[in-house]
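Here's structure_18.cif, which has mmCIF, C-alpha atoms:
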```cif
data_protein
#
loop_
_atom_site.group_PDB
_atom_site.id
_atom_site.type_symbol
_atom_site.label_atom_id
_atom_site.label_comp_id
_atom_site.auth_asym_id
_atom_site.auth_seq_id
_atom_site.Cartn_x
_atom_site.Cartn_y
_atom_site.Cartn_z
ATOM 1 C CA MET A 1 -89.330 183.371 13.143
ATOM 2 C CA SER A 2 -92.473 183.172 15.189
ATOM 3 C CA VAL A 3 -95.744 182.200 13.572
ATOM 4 C CA SER A 4 -98.864 183.439 15.300
ATOM 5 C CA GLY A 5 -102.388 184.648 14.731
ATOM 6 C CA ILE A 6 -103.778 184.779 11.239
ATOM 7 C CA LYS A 7 -100.541 183.444 9.722
ATOM 8 C CA LEU A 8 -100.796 180.317 11.832
ATOM 9 C CA ILE A 9 -104.392 179.748 10.766
ATOM 10 C CA ALA A 10 -103.515 180.310 7.091
ATOM 11 C CA ILE A 11 -100.513 177.961 7.219
ATOM 12 C CA THR A 12 -102.466 175.244 9.011
ATOM 13 C CA ALA A 13 -105.411 175.537 6.611
ATOM 14 C CA THR A 14 -103.078 175.396 3.622
ATOM 15 C CA PHE A 15 -101.364 172.267 4.940
ATOM 16 C CA VAL A 16 -104.696 170.552 5.586
ATOM 17 C CA ILE A 17 -106.224 171.497 2.227
ATOM 18 C CA ALA A 18 -103.082 170.449 0.329
ATOM 19 C CA GLY A 19 -103.021 167.191 2.296
ATOM 20 C CA ILE A 20 -106.609 166.428 1.360
ATOM 21 C CA ILE A 21 -105.802 167.124 -2.295
ATOM 22 C CA PHE A 22 -102.755 164.824 -2.173
ATOM 23 C CA ILE A 23 -104.830 162.065 -0.561
ATOM 24 C CA ALA A 24 -107.588 162.437 -3.171
ATOM 25 C CA THR A 25 -104.964 162.249 -5.913
ATOM 26 C CA GLY A 26 -103.430 159.153 -4.320
ATOM 27 C CA ILE A 27 -106.812 157.455 -4.140
ATOM 28 C CA TYR A 28 -107.424 158.268 -7.807
ATOM 29 C CA PHE A 29 -103.976 157.002 -8.862
ATOM 30 C CA SER A 30 -104.582 153.788 -6.911
ATOM 31 C CA SER A 31 -108.059 153.214 -8.355
ATOM 32 C CA ALA A 32 -108.674 150.242 -10.600
ATOM 33 C CA ALA A 33 -110.148 152.440 -13.344
ATOM 34 C CA PHE A 34 -107.013 154.590 -13.569
ATOM 35 C CA LEU A 35 -104.681 151.585 -13.463
ATOM 36 C CA ASN A 36 -106.708 149.834 -16.180
ATOM 37 C CA ARG A 37 -106.452 152.908 -18.402
ATOM 38 C CA LEU A 38 -102.713 152.985 -17.810
ATOM 39 C CA ALA A 39 -102.463 149.321 -18.773
ATOM 40 C CA GLU A 40 -104.551 149.873 -21.909
ATOM 41 C CA SER A 41 -102.133 152.569 -23.056
ATOM 42 C CA ARG A 42 -99.429 149.919 -23.626
ATOM 43 C CA SER A 43 -99.449 146.965 -25.985
ATOM 44 C CA ASP A 44 -96.681 144.783 -24.515
ATOM 45 C CA ALA A 45 -97.555 142.729 -21.409
ATOM 46 C CA GLU A 46 -94.300 143.643 -19.663
ATOM 47 C CA GLU A 47 -94.814 147.350 -20.368
ATOM 48 C CA LYS A 48 -98.373 147.084 -19.043
ATOM 49 C CA GLN A 49 -97.074 145.571 -15.814
ATOM 50 C CA ARG A 50 -94.410 148.266 -15.391
ATOM 51 C CA THR A 51 -96.928 151.013 -16.118
ATOM 52 C CA VAL A 52 -99.412 149.681 -13.562
ATOM 53 C CA HIS A 53 -96.601 149.326 -11.004
ATOM 54 C CA ALA A 54 -95.582 152.955 -11.624
ATOM 55 C CA GLY A 55 -99.206 154.053 -11.187
ATOM 56 C CA LYS A 56 -99.534 152.150 -7.905
ATOM 57 C CA THR A 57 -96.244 153.597 -6.650
ATOM 58 C CA SER A 58 -97.402 157.102 -7.559
ATOM 59 C CA GLY A 59 -100.677 156.532 -5.727
ATOM 60 C CA ILE A 60 -98.951 155.284 -2.589
ATOM 61 C CA THR A 61 -96.478 158.176 -2.740
ATOM 62 C CA ALA A 62 -99.310 160.706 -3.046
ATOM 63 C CA LEU A 63 -101.168 159.107 -0.123
ATOM 64 C CA CYS A 64 -98.030 159.234 2.038
ATOM 65 C CA ILE A 65 -97.308 162.857 1.162
ATOM 66 C CA GLY A 66 -100.952 163.766 1.837
ATOM 67 C CA THR A 67 -100.851 162.158 5.258
ATOM 68 C CA PHE A 68 -97.521 163.816 6.015
ATOM 69 C CA THR A 69 -98.884 167.183 4.854
ATOM 70 C CA ILE A 70 -101.880 166.989 7.174
ATOM 71 C CA SER A 71 -99.575 165.897 10.011
ATOM 72 C CA CYS A 72 -97.366 168.919 9.357
ATOM 73 C CA GLY A 73 -100.423 171.173 9.534
ATOM 74 C CA VAL A 74 -101.474 169.709 12.860
ATOM 75 C CA LEU A 75 -97.932 169.968 14.244
ATOM 76 C CA THR A 76 -97.679 173.569 13.068
ATOM 77 C CA ALA A 77 -100.943 174.413 14.826
ATOM 78 C CA ALA A 78 -99.911 172.605 18.009
ATOM 79 C CA PHE A 79 -96.269 173.770 18.135
ATOM 80 C CA PRO A 80 -95.796 177.003 16.134
ATOM 81 C CA PRO A 81 -92.075 177.422 17.002
ATOM 82 C CA VAL A 82 -91.165 174.236 15.090
ATOM 83 C CA PHE A 83 -92.616 175.530 11.810
ATOM 84 C CA PRO A 84 -89.287 176.593 10.189
ATOM 85 C CA TYR A 85 -87.753 173.174 10.826
ATOM 86 C CA LEU A 86 -90.913 171.390 9.767
ATOM 87 C CA ALA A 87 -91.015 173.408 6.552
ATOM 88 C CA LEU A 88 -87.470 172.319 5.703
ATOM 89 C CA ILE A 89 -88.289 168.665 6.373
ATOM 90 C CA TYR A 90 -91.488 168.986 4.335
ATOM 91 C CA ILE A 91 -89.677 170.436 1.317
ATOM 92 C CA CYS A 92 -87.116 167.614 1.485
ATOM 93 C CA ALA A 93 -89.960 165.069 1.590
ATOM 94 C CA LEU A 94 -91.587 166.680 -1.455
ATOM 95 C CA ILE A 95 -88.311 166.553 -3.373
ATOM 96 C CA ALA A 96 -87.844 162.884 -2.436
ATOM 97 C CA SER A 97 -91.378 161.980 -3.532
ATOM 98 C CA PHE A 98 -90.903 163.856 -6.802
ATOM 99 C CA CYS A 99 -87.753 161.801 -7.420
ATOM 100 C CA VAL A 100 -89.597 158.544 -6.667
ATOM 101 C CA ILE A 101 -92.347 159.366 -9.150
ATOM 102 C CA ASN A 102 -89.821 160.452 -11.804
ATOM 103 C CA VAL A 103 -87.836 157.245 -11.414
ATOM 104 C CA CYS A 104 -90.992 155.111 -11.634
ATOM 105 C CA PHE A 105 -92.241 156.742 -14.798
ATOM 106 C CA GLY A 106 -88.725 157.072 -16.238
ATOM 107 C CA LYS A 107 -88.409 153.286 -16.318
ATOM 108 C CA ILE A 108 -91.438 152.835 -18.546
ATOM 109 C CA ARG A 109 -90.502 155.165 -21.370
#
```
Please lay out the structure from this file as structure tokens.
Amino acid sequence: MSVSGIKLIAITATFVIAGIIFIATGIYFSSAAFLNRLAESRSDAEEKQRTVHAGKTSGITALCIGTFTISCGVLTAAFPPVFPYLALIYICALIASFCVINVCFGKIR
């Protein structure tokens, strides 16, 4: 599968835009205001600590995925023939990050 022309531009733009959205989400999840609201949602001190830890982990995970997404966009633009392999690696990374977030928030229920 060869990616060229308008498809390449669309794929690269999508990667970059999605990466920016992931990074913005990660910054929000890591913000003190969001973490304080998470802590206020629990009454027990231990639960508050676990909830804040899960929020920080989610923020870091979103920042990492955002950075990786933008990197994938740049690599796709620079080396179009590697796109199919990069897409497979990207999907695996998304699945792994989804599992990390589920495990973090699964522990606090």
CA of Leu38 in chain A to CA of Val52 in chain A, distance in Å rounded to a single decimal: 6.3 Å
Residue among A:Tyr85, A:Phe98, A:Phe79, A:Tyr90 lying closest to Leu8 in chain A, counting only C-alpha atoms: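 Of all the options, A:Phe79 lies closest to Leu8 in chain A.
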Of the listed residues A:Ile89, A:Cys72, A:Ile65, A:Ala13, that which approaches Ile101 in chain A most closely, counting all atoms listed in the file: A:Ile65
Residues selected by the PyMOL selection byres ((chain A and resi 50) around 10), written as a ChimeraX atom specification: /A:38-39,42,45-49,51-56,104-105,107-109
I'd like the box whose edges run along x, y and z of the file and which contains every listed atom of range 70-88 of chain A, padded by 6 Å per side; could you state its centre and edge lengths in Å, one decimal, as AutoDock Vina command-line options?
```
--center_x -94.7 --center_y 171.7 --center_z 11.9 --size_x 26.4 --size_y 23.5 --size_z 24.4
```
Atom-to-atom span, CA of Phe68 in chain A and CA of Val82 in chain A, Å: 15.2 Å
Selection near Ile70 in chain A, 9 Å with only C-alpha atoms, sequence-local residues under 2 positions removed, as a PyMOL selection string: chain A and resi 12+15-20+65-68+72-75
Interatomic distance (Å, one decimal) between CA of Leu63 in chain A and CA of Pro81 in chain A: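 Pair CA of Leu63 in chain A / CA of Pro81 in chain A returns 26.7 Å.
Nearest to Cys99 in chain A of all the residues A:Phe29, A:Leu35, A:Ala77, A:Ser58 is A:Ser58, based on only C-alpha atoms.
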Distance criterion (only C-alpha atoms): nearest to Ile21 in chain A out of A:Ala78, A:Val103, A:Ala62, A:Ala87: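 For Ile21 in chain A, the nearest of the given residues is A:Ala62.
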